[in-house]
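K.L.:
Here you go, this is protein_3.txt (compact mmCIF, C-alpha atoms).
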# COMPACT_ATOMS: atom_id res chain seq x y z
CA MET W 1 184.75 63.25 204.62
CA ASP W 2 181.53 64.79 205.85
CA ASP W 3 178.63 62.79 204.46
CA ASN W 4 176.13 65.61 204.72
CA LYS W 5 178.40 67.96 202.81
CA LEU W 6 178.92 65.37 200.09
CA LEU W 7 175.18 64.79 199.77
CA LYS W 8 174.54 68.51 199.59
CA LEU W 9 177.22 68.94 196.93
CA ALA W 10 175.71 66.17 194.84
CA LEU W 11 172.24 67.68 195.20
CA ASP W 12 173.44 71.17 194.32
CA THR W 13 175.26 69.91 191.24
CA GLY W 14 172.26 67.85 190.16
CA GLU W 15 169.98 70.83 190.68
CA ALA W 16 172.23 73.05 188.57
CA MET W 17 172.09 70.49 185.76
CA LEU W 18 168.38 69.77 185.96
CA SER W 19 167.37 73.41 186.13
CA GLY W 20 169.60 73.97 183.11
CA GLY W 21 167.73 71.42 181.05
CA ALA W 22 170.03 68.39 181.04
CA GLU W 23 168.57 64.98 180.41
CA THR W 24 167.82 62.60 183.30
CA HIS W 25 170.59 60.12 182.52
CA ARG W 26 173.28 62.78 182.67
CA VAL W 27 172.01 64.22 185.97
CA GLU W 28 171.88 60.79 187.62
CA ASP W 29 175.30 59.86 186.30
CA THR W 30 176.87 63.07 187.60
CA MET W 31 175.34 62.70 191.06
CA ARG W 32 176.37 59.05 191.24
CA ARG W 33 179.96 59.86 190.31
CA ILE W 34 180.19 62.57 192.96
CA LEU W 35 178.83 60.26 195.64
CA ALA W 36 181.01 57.35 194.57
CA THR W 37 184.18 59.21 195.51
CA SER W 38 183.80 58.11 199.10
CA HIS W 39 181.39 55.16 198.98
CA SER W 40 181.86 52.39 196.48
CA GLU W 41 178.49 50.63 196.81
CA GLY W 42 175.00 51.30 198.07
CA VAL W 43 174.93 54.72 196.41
CA GLU W 44 171.59 55.79 194.95
CA ALA W 45 170.84 58.83 192.83
CA GLN W 46 167.43 59.31 191.26
CA ALA W 47 166.37 62.22 189.12
CA LEU W 48 162.79 62.82 188.11
CA ASN W 49 161.45 65.74 186.20
CA THR W 50 160.93 67.95 189.26
CA MET W 51 162.68 66.07 192.01
CA LEU W 52 166.10 64.79 193.01
CA ILE W 53 166.78 62.04 195.56
CA VAL W 54 170.26 61.02 196.72
CA SER W 55 171.16 58.38 199.25
CA ILE W 56 174.40 56.98 200.66
CA PRO W 57 175.15 54.37 203.32
CA SER W 58 176.87 56.04 206.27
CA LYS W 59 178.71 53.85 208.78
CA GLU W 60 177.79 55.79 211.90
CA LYS W 61 174.25 56.87 211.11
CA GLY W 62 172.88 54.19 208.78
CA SER W 63 171.57 55.36 205.41
CA LEU W 64 171.39 59.06 204.69
CA THR W 65 168.90 60.40 202.14
CA LEU W 66 168.29 63.90 200.88
CA SER W 67 165.70 65.07 198.40
CA ARG W 68 164.94 68.35 196.75
CA GLY W 69 162.18 69.68 194.50
CA ILE W 70 163.17 71.66 191.45
CA ARG W 71 160.65 74.43 190.83
CA LYS W 72 162.31 76.59 188.20
CA ARG W 73 163.43 74.87 185.02
CA SER W 74 164.68 76.49 181.83
CA THR W 75 167.34 75.78 179.26
CA ASN W 76 170.68 77.21 180.25
CA PHE W 77 173.70 75.45 178.77
CA GLU W 78 176.16 77.47 180.82
CA LYS W 79 174.79 75.80 183.97
CA ILE W 80 175.15 72.33 182.48
CA CYS W 81 178.76 73.01 181.47
CA PHE W 82 179.56 74.50 184.87
CA ALA W 83 178.11 71.54 186.77
CA ASN W 84 179.86 69.12 184.43
CA ASP W 85 183.23 70.85 184.90
CA LEU W 86 182.80 70.96 188.67
CA SER W 87 181.92 67.28 188.93
CA ARG W 88 184.84 66.29 186.70
CA ALA W 89 187.26 68.37 188.76
CA PHE W 90 185.91 67.02 192.06
CA VAL W 91 185.92 63.37 190.98
CA SER W 92 189.47 63.60 189.63
CA GLY W 93 190.66 65.20 192.83
CA GLU W 94 191.56 68.63 191.44
CA ILE W 95 189.35 70.36 193.97
CA THR W 96 188.46 69.47 197.56
CA LEU W 97 184.99 69.02 198.99
CA ASP W 98 185.05 72.31 200.91
CA ASP W 99 186.20 74.27 197.86
CA ALA W 100 183.59 72.61 195.70
CA ALA W 101 180.86 73.46 198.19
CA ILE W 102 181.85 77.14 197.88
CA VAL W 103 182.22 77.11 194.10
CA ILE W 104 178.83 75.52 193.48
CA ALA W 105 177.22 78.59 195.01
CA GLU W 106 178.60 80.57 192.06
CA VAL W 107 175.95 79.02 189.86
CA LYS W 108 173.84 82.14 190.32
CA ASN W 109 176.57 84.39 188.92
CA LEU W 110 177.30 82.56 185.69
CA PRO W 111 177.89 84.77 182.65
CA SER W 112 174.84 85.12 180.48
CA PHE W 113 174.03 87.03 177.36
CA ASP W 114 172.36 90.43 177.55
CA PRO W 115 168.53 90.14 177.47
CA ARG W 116 168.49 92.56 174.53
CA LEU W 117 170.78 90.30 172.53
CA THR W 118 168.57 87.34 173.44
CA THR W 119 165.44 89.14 172.23
CA LEU W 120 167.24 90.06 169.00
CA CYS W 121 168.14 86.41 168.57
CA TYR W 122 164.48 85.43 168.92
CA GLY W 123 163.84 87.70 165.95
CA ILE W 124 166.72 86.32 163.91
CA ALA W 125 165.66 82.72 164.62
CA GLY W 126 162.07 83.43 163.57
CA ALA W 127 163.14 85.18 160.38
CA SER W 128 165.62 82.43 159.50
CA PHE W 129 163.05 79.68 159.86
CA CYS W 130 160.61 81.66 157.72
CA LEU W 131 163.27 81.92 155.00
CA VAL W 132 164.20 78.24 155.30
CA LEU W 133 160.59 77.22 154.75
CA GLY W 134 160.50 79.13 151.47
CA GLY W 135 159.63 82.71 152.35
CA VAL W 136 160.92 85.80 150.57
CA TRP W 137 162.61 88.77 152.25
CA LEU W 138 159.31 90.49 153.08
CA ASP W 139 158.03 87.42 154.90
CA GLY W 140 161.31 87.22 156.75
CA LEU W 141 161.10 90.86 157.81
CA ILE W 142 157.57 90.57 159.22
CA SER W 143 158.52 87.31 160.91
CA PHE W 144 161.56 89.06 162.44
CA ALA W 145 159.38 91.82 163.87
CA LEU W 146 156.80 89.42 165.30
CA SER W 147 159.40 87.05 166.76
CA PHE W 148 161.22 90.01 168.30
CA PHE W 149 158.02 91.11 170.00
CA ILE W 150 157.26 87.54 171.13
CA GLY W 151 160.79 87.27 172.52
CA PHE W 152 160.23 90.47 174.49
CA LEU W 153 156.96 89.06 175.88
CA LEU W 154 158.69 85.83 176.89
CA TRP W 155 161.39 87.78 178.71
CA LEU W 156 158.68 89.78 180.54
CA ALA W 157 156.88 86.55 181.47
CA ARG W 158 160.08 85.12 182.94
CA GLU W 159 160.60 88.25 185.01
CA LYS W 160 157.05 88.23 186.35
CA ASN W 161 156.88 84.42 186.91
CA ILE W 162 153.87 83.85 184.68
CA PRO W 163 152.95 80.11 184.37
CA TYR W 164 154.64 78.31 181.51
CA CYS W 165 151.45 77.24 179.68
CA PHE W 166 150.08 80.75 179.34
CA THR W 167 152.93 82.37 177.41
CA PRO W 168 152.75 80.06 174.35
CA LEU W 169 149.02 80.76 174.10
CA PHE W 170 149.60 84.49 174.11
CA GLY W 171 152.58 84.21 171.79
CA GLY W 172 150.63 82.22 169.22
CA PHE W 173 147.79 84.72 169.45
CA ILE W 174 150.16 87.64 168.85
CA ALA W 175 151.84 85.87 165.93
CA ALA W 176 148.56 85.10 164.17
CA LEU W 177 146.95 88.48 164.86
CA GLY W 178 150.04 90.41 163.82
CA THR W 179 150.37 88.46 160.59
CA SER W 180 146.71 88.97 159.72
CA LEU W 181 147.04 92.70 160.37
CA PHE W 182 150.15 93.02 158.21
CA ALA W 183 148.56 90.89 155.50
CA LEU W 184 145.86 93.53 155.02
CA TRP W 185 148.42 95.87 153.45
CA LEU W 186 151.34 93.70 152.33
CA PRO W 187 151.52 90.65 150.06
CA LEU W 188 152.52 87.98 152.58
CA GLN W 189 152.49 84.20 152.63
CA ILE W 190 150.52 84.02 155.88
CA ASP W 191 151.25 80.38 156.67
CA LEU W 192 155.01 80.74 156.40
CA VAL W 193 155.16 83.92 158.47
CA ILE W 194 153.10 82.39 161.28
CA ILE W 195 155.12 79.18 161.34
CA GLY W 196 158.36 81.15 161.36
CA SER W 197 157.16 83.33 164.22
CA ILE W 198 156.03 80.46 166.44
CA THR W 199 159.15 78.34 165.92
CA PRO W 200 161.17 79.88 168.82
CA MET W 201 158.41 78.86 171.22
CA LEU W 202 158.17 75.25 170.07
CA PRO W 203 159.23 72.66 172.67
CA GLY W 204 162.09 71.16 170.69
CA VAL W 205 164.34 70.61 173.69
CA THR W 206 161.50 69.02 175.65
CA ILE W 207 160.53 66.63 172.85
CA SER W 208 164.10 65.54 172.24
CA ASN W 209 164.84 65.04 175.94
CA SER W 210 161.57 63.19 176.53
CA VAL W 211 162.11 60.73 173.70
CA ARG W 212 165.64 60.15 174.91
CA ASP W 213 164.45 59.56 178.48
CA ILE W 214 161.79 57.09 177.39
CA MET W 215 164.25 55.13 175.30
CA GLU W 216 166.62 54.95 178.25
CA SER W 217 163.86 53.55 180.52
CA ASN W 218 163.32 56.70 182.61
CA PHE W 219 159.60 56.43 182.04
CA ILE W 220 158.38 58.87 184.68
CA SER W 221 160.46 61.81 183.55
CA GLY W 222 160.04 60.85 179.89
CA THR W 223 156.27 60.73 179.85
CA SER W 224 155.91 63.83 182.02
CA LYS W 225 158.15 65.79 179.64
CA LEU W 226 156.11 64.44 176.74
CA ALA W 227 152.94 65.71 178.42
CA GLU W 228 154.56 69.12 178.92
CA ALA W 229 155.63 69.23 175.27
CA CYS W 230 152.14 68.29 174.08
CA LEU W 231 150.60 70.92 176.34
CA ILE W 232 152.89 73.67 175.03
CA ALA W 233 152.31 72.67 171.40
CA ALA W 234 148.55 72.58 171.94
CA SER W 235 148.67 76.01 173.61
CA ILE W 236 150.52 77.47 170.64
CA ALA W 237 148.03 75.91 168.24
CA CYS W 238 145.07 77.26 170.23
CA GLY W 239 146.61 80.73 170.36
CA VAL W 240 147.16 80.73 166.61
CA ALA W 241 143.58 79.52 166.05
CA PHE W 242 142.22 82.38 168.19
CA GLY W 243 144.36 84.92 166.39
CA LEU W 244 143.37 83.73 162.93
CA SER W 245 139.66 83.60 163.79
CA ILE W 246 139.57 87.33 164.60
CA LEU W 247 140.45 88.66 161.19
CA GLY W 248 139.87 85.53 159.12
CA MET J 1 170.94 72.01 145.03
CA SER J 2 171.64 75.72 145.35
CA THR J 3 168.37 76.18 147.25
CA ILE J 4 169.44 73.46 149.65
CA LEU J 5 172.78 75.17 150.23
CA TYR J 6 171.10 78.57 150.71
CA HIS J 7 168.61 77.16 153.21
CA SER J 8 171.34 75.32 155.09
CA PHE J 9 173.37 78.52 155.28
CA VAL J 10 170.39 80.40 156.72
CA CYS J 11 169.95 77.54 159.20
CA ILE J 12 173.37 78.35 160.60
CA PHE J 13 172.06 81.71 161.79
CA ALA J 14 168.94 80.09 163.22
CA CYS J 15 170.88 77.54 165.24
CA VAL J 16 173.44 80.07 166.49
CA SER J 17 170.55 82.32 167.59
CA PHE J 18 168.96 79.43 169.46
CA SER J 19 172.25 78.67 171.16
CA ILE J 20 172.48 82.29 172.29
CA ILE J 21 168.91 82.10 173.61
CA PHE J 22 169.85 78.97 175.54
CA ASN J 23 172.93 80.73 176.94
CA ALA J 24 175.63 78.49 175.46
CA PRO J 25 179.28 79.33 176.18
CA ARG J 26 180.69 81.72 173.62
CA HIS J 27 183.36 79.48 172.15
CA GLU J 28 180.91 76.71 171.31
CA LEU J 29 178.63 78.83 169.12
CA ILE J 30 180.52 78.06 165.90
CA PHE J 31 180.08 74.31 166.39
CA CYS J 32 176.39 74.81 167.04
CA GLY J 33 176.18 76.64 163.72
CA ILE J 34 177.98 73.87 161.86
CA ASN J 35 175.61 71.34 163.39
CA GLY J 36 172.66 73.39 162.19
CA PHE J 37 174.05 73.45 158.66
CA LEU J 38 174.59 69.70 158.75
CA SER J 39 171.11 69.00 160.06
CA TRP J 40 169.15 70.85 157.38
CA PHE J 41 171.56 69.76 154.65
CA ALA J 42 171.20 66.06 155.51
CA TYR J 43 167.43 66.35 155.86
CA SER J 44 166.98 68.17 152.53
CA ILE J 45 169.28 65.80 150.64
CA CYS J 46 167.39 62.79 151.98
CA ILE J 47 163.98 64.23 151.14
CA GLN J 48 164.73 65.73 147.74
CA GLU J 49 167.60 63.80 146.19
CA PHE J 50 166.99 60.33 147.57
CA GLY J 51 163.22 60.58 148.03
CA PHE J 52 163.06 58.94 151.47
CA SER J 53 160.01 59.37 153.68
CA ILE J 54 159.78 61.86 156.54
CA THR J 55 160.68 59.43 159.30
CA VAL J 56 163.74 58.01 157.55
CA SER J 57 165.04 61.44 156.52
CA THR J 58 164.62 62.85 160.01
CA ALA J 59 166.29 59.80 161.51
CA ILE J 60 169.26 60.05 159.16
CA ALA J 61 169.60 63.78 159.82
CA ALA J 62 169.39 63.17 163.58
CA MET J 63 172.10 60.51 163.27
CA CYS J 64 174.40 62.94 161.44
CA ILE J 65 173.74 65.60 164.08
CA THR J 66 174.45 63.24 166.96
CA ILE J 67 177.64 61.88 165.41
CA PHE J 68 178.99 65.40 164.96
CA ALA J 69 177.78 66.36 168.45
CA ARG J 70 179.59 63.47 170.11
CA PHE J 71 182.83 64.04 168.22
CA ALA J 72 182.74 67.75 168.99
CA SER J 73 181.90 67.13 172.64
CA PHE J 74 184.87 64.81 173.03
CA HIS J 75 187.19 67.31 171.41
CA ARG J 76 185.93 70.35 173.32
CA GLN J 77 185.37 68.52 176.64
CA VAL J 78 181.81 69.82 176.91
CA PRO J 79 178.53 67.85 177.29
CA ALA J 80 177.14 66.78 173.93
CA THR J 81 173.72 68.22 174.80
CA LEU J 82 174.71 71.68 173.58
CA TYR J 83 175.49 70.69 170.02
CA HIS J 84 172.76 68.08 169.91
CA ILE J 85 169.95 70.46 170.81
CA ALA J 86 171.21 73.19 168.50
CA GLY J 87 171.17 70.69 165.66
CA ILE J 88 167.71 69.32 166.48
CA MET J 89 166.04 72.73 166.30
CA PRO J 90 165.38 72.85 162.53
CA LEU J 91 163.85 69.38 162.60
CA VAL J 92 161.18 70.13 165.19
CA PRO J 93 157.75 69.91 163.47
CA GLY J 94 156.44 73.48 163.35
CA THR J 95 154.72 73.15 159.98
CA ALA J 96 152.99 69.92 160.96
CA ILE J 97 151.59 71.42 164.19
CA TYR J 98 150.29 74.45 162.31
CA ASN J 99 148.66 72.27 159.65
CA THR J 100 147.06 70.09 162.34
CA MET J 101 145.58 73.16 163.96
CA GLN J 102 144.26 74.55 160.69
CA ALA J 103 142.67 71.25 159.64
CA ALA J 104 141.08 70.85 163.10
CA VAL J 105 139.63 74.37 163.02
CA GLN J 106 138.22 73.88 159.53
CA GLY J 107 136.67 70.56 160.54
CA HIS J 108 138.57 68.20 158.22
CA ILE J 109 138.92 65.20 160.50
CA ILE J 110 140.99 62.91 158.28
CA GLU J 111 143.50 65.66 157.49
CA THR J 112 143.82 66.48 161.19
CA TYR J 113 144.83 62.95 162.05
CA SER J 114 147.12 62.74 159.04
CA TYR J 115 149.02 65.88 160.07
CA LEU J 116 149.04 64.70 163.70
CA LEU J 117 150.71 61.54 162.47
CA ASP J 118 153.29 63.75 160.75
CA VAL J 119 154.09 65.37 164.10
CA VAL J 120 154.60 61.93 165.62
CA LYS J 121 156.78 60.92 162.67
CA TYR J 122 159.07 63.91 163.11
CA ALA J 123 159.39 63.41 166.87
CA GLY J 124 159.90 59.68 166.49
CA GLY J 125 162.49 60.16 163.76
CA ILE J 126 164.45 62.56 165.95
CA GLY J 127 164.30 60.12 168.84
CA ILE J 128 165.29 57.04 166.89
CA GLY J 129 168.13 58.75 165.07
CA SER J 130 169.52 60.26 168.26
CA ILE J 131 169.28 57.17 170.40
CA MET J 132 171.05 54.94 167.87
CA ILE J 133 174.19 57.03 168.12
CA LEU J 134 173.85 57.98 171.78
CA ALA J 135 173.78 54.31 172.75
CA LEU J 136 177.27 53.75 171.33
CA PRO J 137 180.00 53.48 173.97
CA TYR J 138 182.24 56.40 174.71
CA GLY J 139 185.30 54.73 173.22
CA VAL J 140 184.02 54.95 169.65
CA PHE J 141 184.44 58.72 169.65
CA GLU J 142 187.89 58.93 171.16
CA VAL J 143 189.73 58.98 167.85
CA ILE J 144 190.34 62.71 167.55
CA PRO J 145 192.62 64.61 169.93
CA ARG J 146 190.94 66.38 172.84
CA ARG J 147 191.88 69.85 173.91
CA THR J 148 193.13 70.26 177.48
CA ARG J 149 191.06 72.38 179.78
CA LYS J 150 191.69 73.39 183.34
CA PHE J 151 188.89 73.95 185.78
CA GLY J 152 188.66 77.72 185.70
CA TYR J 153 186.38 78.42 188.64
CA ARG J 154 188.92 77.86 191.37
CA LYS J 155 190.22 81.42 191.26
CA LYS J 156 186.91 82.84 192.42
CA SER J 157 186.68 80.46 195.37
CA SER J 158 190.22 81.28 196.58
CA ALA J 159 189.48 84.98 196.15
CA LYS J 160 186.34 84.55 198.25
CA LYS J 161 188.21 82.77 201.04
CA GLN J 162 190.49 85.79 201.49
Spit out the file's structure as structure tokens when you get a sec.

P.N.:
Amino acid sequence: MDDNKLLKLALDTGEAMLSGGAETHRVEDTMRRILATSHSEGVEAQALNTMLIVSIPSKEKGSLTLSRGIRKRSTNFEKICFANDLSRAFVSGEITLDDAAIVIAEVKNLPSFDPRLTTLCYGIAGASFCLVLGGVWLDGLISFALSFFIGFLLWLAREKNIPYCFTPLFGGFIAALGTSLFALWLPLQIDLVIIGSITPMLPGVTISNSVRDIMESNFISGTSKLAEACLIAASIACGVAFGLSILG
Amino acid sequence: MSTILYHSFVCIFACVSFSIIFNAPRHELIFCGINGFLSWFAYSICIQEFGFSITVSTAIAAMCITIFARFASFHRQVPATLYHIAGIMPLVPGTAIYNTMQAAVQGHIIETYSYLLDVVKYAGGIGIGSIMILALPYGVFEVIPRRTRKFGYRKKSSAKKQ
């Protein structure tokens, strides 16, 4: 079996998982299983927050190592499922190495929901959290409108490759400013509407993955994800503070 | 009790919306919704009926979420991350972050640190609750039948070869 092809398959699968938001332990385990199909010992697979390193001992050429930097990360469960299915099928022998190397390139064409549906779901999520925290239907409606607009801005930011720490700032600003404007005419519970609107931007996935990584001794990826989560939360808080200070 | 049920029902919509935002496969959305219901229900019951503190309630809710996530992932043959994250979403501390920001802007130092500690309590509760169930071996969750799935991406590759 071609060692280079196997390494590349493991890296591609690990990249699909990591850029889909899987936790470090799962990525390393998947890559190790793929590499272990042809080498029983001496296999190394390391996954950091933005980097993957794989290494196998090759008889002819000594040790082979490949690394790759992961620049674009988001949360995309379809990618995680796809990579998981592919690695299971490859390890159990259902699919050969050459076929797998072709199929992994399909990761760009995975089915995804329409961006309009996604933006609508930002609105529904914001409104639902406003209602859960004790708001009435009017609060939920304003929160729906603001979250919908914030979802549209986030989609625009992804299209234009705007840095990740800027969008929460702007989103928090829009949420606070919009709520203050609406509160001039309507009887709103300002706190609940703002909290409901900012909830879709909160780094829940990042916090949960970082705590899990730290407790499984992946300290580098855990603490870096914790720093990212703190930065995003602080950006949201600053944006909301700016927005509230304009209209009081 | 009826408020708790109403809020948990609304949480279903929230968690399904988050799963759509995160591009989950279509057939798993119902389980994400059930996990959302379970998460807020367990958290509210612990806080209101039993009177536990924030950390303990969040940890117990996170344990319920993770147990359901692992059972469902074994049955559906899908990584547990999907259901786990969809269930965690209602527990993430939005209110505590907002209160921290407000207290900091108004200059109340003691309240700022108190709300900041709340944020840490929520995050720590989620972590502790999740890790206690995630550390269990795989065999504990193999009691329910799994559905059989074939790897469905082969057709595209053979079509491409032609």

K.L.:
Given the choices W:Val132, W:Ile246, W:Leu97, W:Leu153, which gets closest to J:Phe37 if the distance is worked out from all atoms listed in the file?

P.N.:
W:Val132

K.L.:
Output as JSON lines one row per residue of chain W within 6 Å of chain J: the closest atom pair and its distance in Å to one decimal place, counting all atoms listed in the file, sorted by chain and residue number ascending.

P.N.:
{"residue": "W:Thr75", "atom": "CA", "partner": "J:Phe22", "partner_atom": "CA", "distance": 5.5}
{"residue": "W:Asn76", "atom": "CA", "partner": "J:Phe22", "partner_atom": "CA", "distance": 5.1}
{"residue": "W:Phe77", "atom": "CA", "partner": "J:Ala24", "partner_atom": "CA", "distance": 4.9}
{"residue": "W:Glu78", "atom": "CA", "partner": "J:Ala24", "partner_atom": "CA", "distance": 5.5}
{"residue": "W:Val103", "atom": "CA", "partner": "J:Ser157", "partner_atom": "CA", "distance": 5.7}
{"residue": "W:Ser112", "atom": "CA", "partner": "J:Asn23", "partner_atom": "CA", "distance": 6.0}
{"residue": "W:Thr118", "atom": "CA", "partner": "J:Ile21", "partner_atom": "CA", "distance": 5.3}
{"residue": "W:Cys121", "atom": "CA", "partner": "J:Ser17", "partner_atom": "CA", "distance": 4.8}
{"residue": "W:Ala125", "atom": "CA", "partner": "J:Ala14", "partner_atom": "CA", "distance": 4.4}
{"residue": "W:Ser128", "atom": "CA", "partner": "J:Ala14", "partner_atom": "CA", "distance": 5.5}
{"residue": "W:Val132", "atom": "CA", "partner": "J:His7", "partner_atom": "CA", "distance": 5.0}
{"residue": "W:Gly204", "atom": "CA", "partner": "J:Val92", "partner_atom": "CA", "distance": 5.7}
{"residue": "W:Val211", "atom": "CA", "partner": "J:Gly127", "partner_atom": "CA", "distance": 5.4}
{"residue": "W:Ala237", "atom": "CA", "partner": "J:Met101", "partner_atom": "CA", "distance": 5.6}

K.L.:
Residues around (175.5, 62.4, 188.9), cut-off 10 Å, counting all atoms listed in the file - what are they as a ChimeraX atom specification?

P.N.:
/W:10-11,13-14,17,24-36,44-47,54,83-84,87

K.L.:
Any idea what's packed within 12 Å of W:Ser221, counting only C-alpha atoms, ignoring anything in its chain fewer than 5 positions away? Could you give it as a list in words?

P.N.:
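Those residues are Leu18, Ala22, Glu23, Thr24, His25, Gln46, Ala47, Leu48, Asn49, Thr50, Met51, Leu52, Thr206, Ile207, Asn209, Ser210, Val211, Arg212, Asp213, Ile214, Met215, Glu216, Leu226, Ala227 and Glu228 of chain W.
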
K.L.:
Can you work out the spacing between atom CA of W:Leu141 and atom CA of W:Ala127 in Å, to one decimal?

P.N.:
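Taking atom CA of W:Leu141 and atom CA of W:Ala127, their separation equals 6.6 Å.
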
K.L.:
Quick one: pull the distance between atom CA of W:Leu66 and atom CA of W:Thr223, Å, one decimal.

P.N.:
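So the two atoms, atom CA of W:Leu66 and atom CA of W:Thr223, lie 24.4 Å apart.
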
K.L.:
Expressed in Å to a single decimal, how great is the separation between atom CA of J:Phe50 and atom CA of W:Gly196?

P.N.:
26.4 Å

K.L.:
With distances taken over all atoms listed in the file, which of W:Val91, W:Ile198, W:Leu154, W:Ile142 is nearest to W:Leu181?

P.N.:
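Result for the nearest residue to W:Leu181: W:Ile142.
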
K.L.:
From the set J:Phe31, J:Tyr43, J:Phe141, J:Tyr115, which residue has the shortest atom-to-atom contact distance to J:Met63, counting all atoms listed in the file?

P.N.:
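Among the listed residues, J:Tyr43 lies closest to J:Met63.
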
K.L.:
From the block you just saw, export stretch 35-65 of chain J: C-alpha atoms, as a compact mmCIF listing (two decimals), in the first residue's frame.

P.N.:
# COMPACT_ATOMS: atom_id res chain seq x y z
CA ASN J 35 -31.80 16.54 23.74
CA GLY J 36 -32.64 20.23 23.97
CA PHE J 37 -35.88 19.45 25.79
CA LEU J 38 -34.04 17.18 28.21
CA SER J 39 -31.32 19.72 28.90
CA TRP J 40 -33.55 22.62 29.92
CA PHE J 41 -35.98 20.31 31.73
CA ALA J 42 -33.23 18.76 33.86
CA TYR J 43 -31.65 22.14 34.57
CA SER J 44 -34.95 23.78 35.59
CA ILE J 45 -36.02 20.86 37.77
CA CYS J 46 -32.67 20.92 39.59
CA ILE J 47 -32.75 24.67 40.15
CA GLN J 48 -36.39 25.12 41.06
CA GLU J 49 -37.66 21.88 42.56
CA PHE J 50 -34.54 20.60 44.28
CA GLY J 51 -32.86 23.94 44.94
CA PHE J 52 -29.34 22.90 43.92
CA SER J 53 -26.71 25.51 43.10
CA ILE J 54 -25.79 26.57 39.57
CA THR J 55 -22.76 24.31 39.22
CA VAL J 56 -24.53 21.18 40.43
CA SER J 57 -27.62 21.80 38.30
CA THR J 58 -25.58 22.44 35.18
CA ALA J 59 -23.48 19.36 35.85
CA ILE J 60 -26.54 17.16 36.30
CA ALA J 61 -28.15 18.57 33.16
CA ALA J 62 -24.91 18.03 31.22
CA MET J 63 -24.80 14.44 32.47
CA CYS J 64 -28.35 13.80 31.25
CA ILE J 65 -27.52 15.35 27.88
